[in-house]
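The block underneath contains the structure these notes are about, expressed in structure tokens.
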Amino acid sequence: MADHTMDLSILYPASALALWTLLLYIVMGLMRSGAVSRREISIKFFRAYNGDEPEQLKVMSRHVINLLEMPLLFYVICIFAFITGLGGTAMLALAWTYVGVRLIHSGIHLTINNVLYRFRVFILSWAILVAMWVLWLSKAMTLN
């Protein structure tokens, strides 16, 4: 039987980012299907991803890949915080801030795609992620 006193709160921001990523996978799939049906791209392109691809589709594909790179460390630290119980208010605030910043990053990348703005937001998300790891490690090291 599950322990209902367990604090699941750190899993909510991780779930939110995972759902965002899954939603963008659906959008990307629809974009790919539409591009093939409009003959903007051949279905053969997807065998090895060689050749030209419409720019919007290329940006979406790259963005979805990006959501599976650095955020992997976000998911791991959220799981560590949950399993060890070393989350707390600061960790939760950082986690939700990370998700918000990643959503802003998505908005920039998938709309205006200003590289300078996107880079600044990426660095901010990186700094938040580093802070989450430092916070967790500082708590974990005090236990030993």
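Just remember, in the structure tokens the first chain shown is A, the second B, etc., residues are 1-based per chain, and ligands are 1-based in the order shown.
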
Quick one: DSSP alpha helix (DSSP H) residues in stretch 26-63 of chain A, as number ranges by chain?
A: 26-37, 45-48, 55-63

Near-stretch 119-131 of chain A list (8 Å; only C-alpha atoms; drop same-chain fewer than 2 positions) as JSON, numbers by chain:
{"A": [70, 73, 74, 94, 97, 98, 101, 102, 104, 105, 115, 116, 117, 133, 134, 135]}

Would you export the selected residues with N, CA, C and O atoms as an mmCIF file, in the first residue's frame, please?
```
data_model
loop_
_atom_site.group_PDB
_atom_site.id
_atom_site.type_symbol
_atom_site.label_atom_id
_atom_site.label_comp_id
_atom_site.auth_asym_id
_atom_site.auth_seq_id
_atom_site.Cartn_x
_atom_site.Cartn_y
_atom_site.Cartn_z
ATOM 1 N N MET A 70 19.658 18.574 -22.104
ATOM 2 C CA MET A 70 19.888 19.137 -20.771
ATOM 3 C C MET A 70 18.763 18.807 -19.779
ATOM 4 O O MET A 70 19.043 18.516 -18.618
ATOM 5 N N LEU A 73 19.059 15.969 -17.080
ATOM 6 C CA LEU A 73 19.639 16.215 -15.765
ATOM 7 C C LEU A 73 18.606 16.805 -14.798
ATOM 8 O O LEU A 73 18.698 16.601 -13.587
ATOM 9 N N PHE A 74 17.634 17.517 -15.328
ATOM 10 C CA PHE A 74 16.539 18.037 -14.502
ATOM 11 C C PHE A 74 15.686 16.888 -13.966
ATOM 12 O O PHE A 74 15.369 16.841 -12.778
ATOM 13 N N LEU A 94 13.000 26.219 -7.403
ATOM 14 C CA LEU A 94 13.954 26.134 -8.513
ATOM 15 C C LEU A 94 13.406 25.264 -9.633
ATOM 16 O O LEU A 94 13.552 25.588 -10.820
ATOM 17 N N THR A 97 10.750 27.112 -11.515
ATOM 18 C CA THR A 97 11.401 28.181 -12.275
ATOM 19 C C THR A 97 12.082 27.603 -13.511
ATOM 20 O O THR A 97 11.999 28.181 -14.609
ATOM 21 N N TYR A 98 12.739 26.463 -13.353
ATOM 22 C CA TYR A 98 13.377 25.800 -14.492
ATOM 23 C C TYR A 98 12.346 25.496 -15.577
ATOM 24 O O TYR A 98 12.585 25.767 -16.761
ATOM 25 N N VAL A 101 11.303 28.702 -17.308
ATOM 26 C CA VAL A 101 12.356 29.205 -18.198
ATOM 27 C C VAL A 101 12.452 28.336 -19.452
ATOM 28 O O VAL A 101 12.645 28.854 -20.559
ATOM 29 N N ARG A 102 12.291 27.027 -19.300
ATOM 30 C CA ARG A 102 12.314 26.151 -20.485
ATOM 31 C C ARG A 102 11.118 26.422 -21.400
ATOM 32 O O ARG A 102 11.236 26.347 -22.622
ATOM 33 N N ILE A 104 9.721 29.379 -21.731
ATOM 34 C CA ILE A 104 10.113 30.619 -22.409
ATOM 35 C C ILE A 104 11.089 30.301 -23.533
ATOM 36 O O ILE A 104 10.971 30.832 -24.647
ATOM 37 N N HIS A 105 12.042 29.418 -23.269
ATOM 38 C CA HIS A 105 13.000 28.997 -24.292
ATOM 39 C C HIS A 105 12.257 28.408 -25.494
ATOM 40 O O HIS A 105 12.572 28.722 -26.647
ATOM 41 N N VAL A 115 18.509 34.074 -31.727
ATOM 42 C CA VAL A 115 19.550 33.232 -31.122
ATOM 43 C C VAL A 115 20.105 33.853 -29.842
ATOM 44 O O VAL A 115 20.341 33.142 -28.859
ATOM 45 N N LEU A 116 20.286 35.159 -29.812
ATOM 46 C CA LEU A 116 20.820 35.809 -28.611
ATOM 47 C C LEU A 116 19.858 35.664 -27.435
ATOM 48 O O LEU A 116 20.268 35.298 -26.334
ATOM 49 N N TYR A 117 18.569 35.929 -27.660
ATOM 50 C CA TYR A 117 17.578 35.762 -26.588
ATOM 51 C C TYR A 117 17.540 34.304 -26.133
ATOM 52 O O TYR A 117 17.475 34.008 -24.944
ATOM 53 N N TRP A 133 21.338 21.097 -8.484
ATOM 54 C CA TRP A 133 22.310 20.048 -8.162
ATOM 55 C C TRP A 133 23.153 20.433 -6.949
ATOM 56 O O TRP A 133 23.401 19.604 -6.069
ATOM 57 N N VAL A 134 23.592 21.680 -6.887
ATOM 58 C CA VAL A 134 24.400 22.138 -5.745
ATOM 59 C C VAL A 134 23.574 22.055 -4.461
ATOM 60 O O VAL A 134 24.069 21.598 -3.422
ATOM 61 N N LEU A 135 22.331 22.481 -4.526
ATOM 62 C CA LEU A 135 21.456 22.418 -3.361
ATOM 63 C C LEU A 135 21.294 20.977 -2.882
ATOM 64 O O LEU A 135 21.442 20.685 -1.690
#
```

Residues near A:Cys78, anyone? I mean within 7 Å using only C-alpha atoms, not counting same-chain ones fewer than 6 positions away, as a list of chain:residue names.
A:Ile10, A:Leu11, A:Ala14

Among A:Thr21, A:Asn144, A:Ser138, A:Ser42, A:Pro71 is approached most closely, using only C-alpha atoms, by A:Thr21

Taking into account only C-alpha atoms, which residue in the set A:Leu143, A:Ala48, A:Met60, A:Met28 is nearest to A:Leu86?
A:Leu143

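The gap separating atom CA of A:Glu69 from atom CA of A:Ala140 is 24.9 Å, in Å to one decimal.
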
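Candidate residues A:Met31, A:Ile108, A:Ala93, A:Leu103 were compared for distance to A:Lys58, and the nearest is A:Met31, using only C-alpha atoms.
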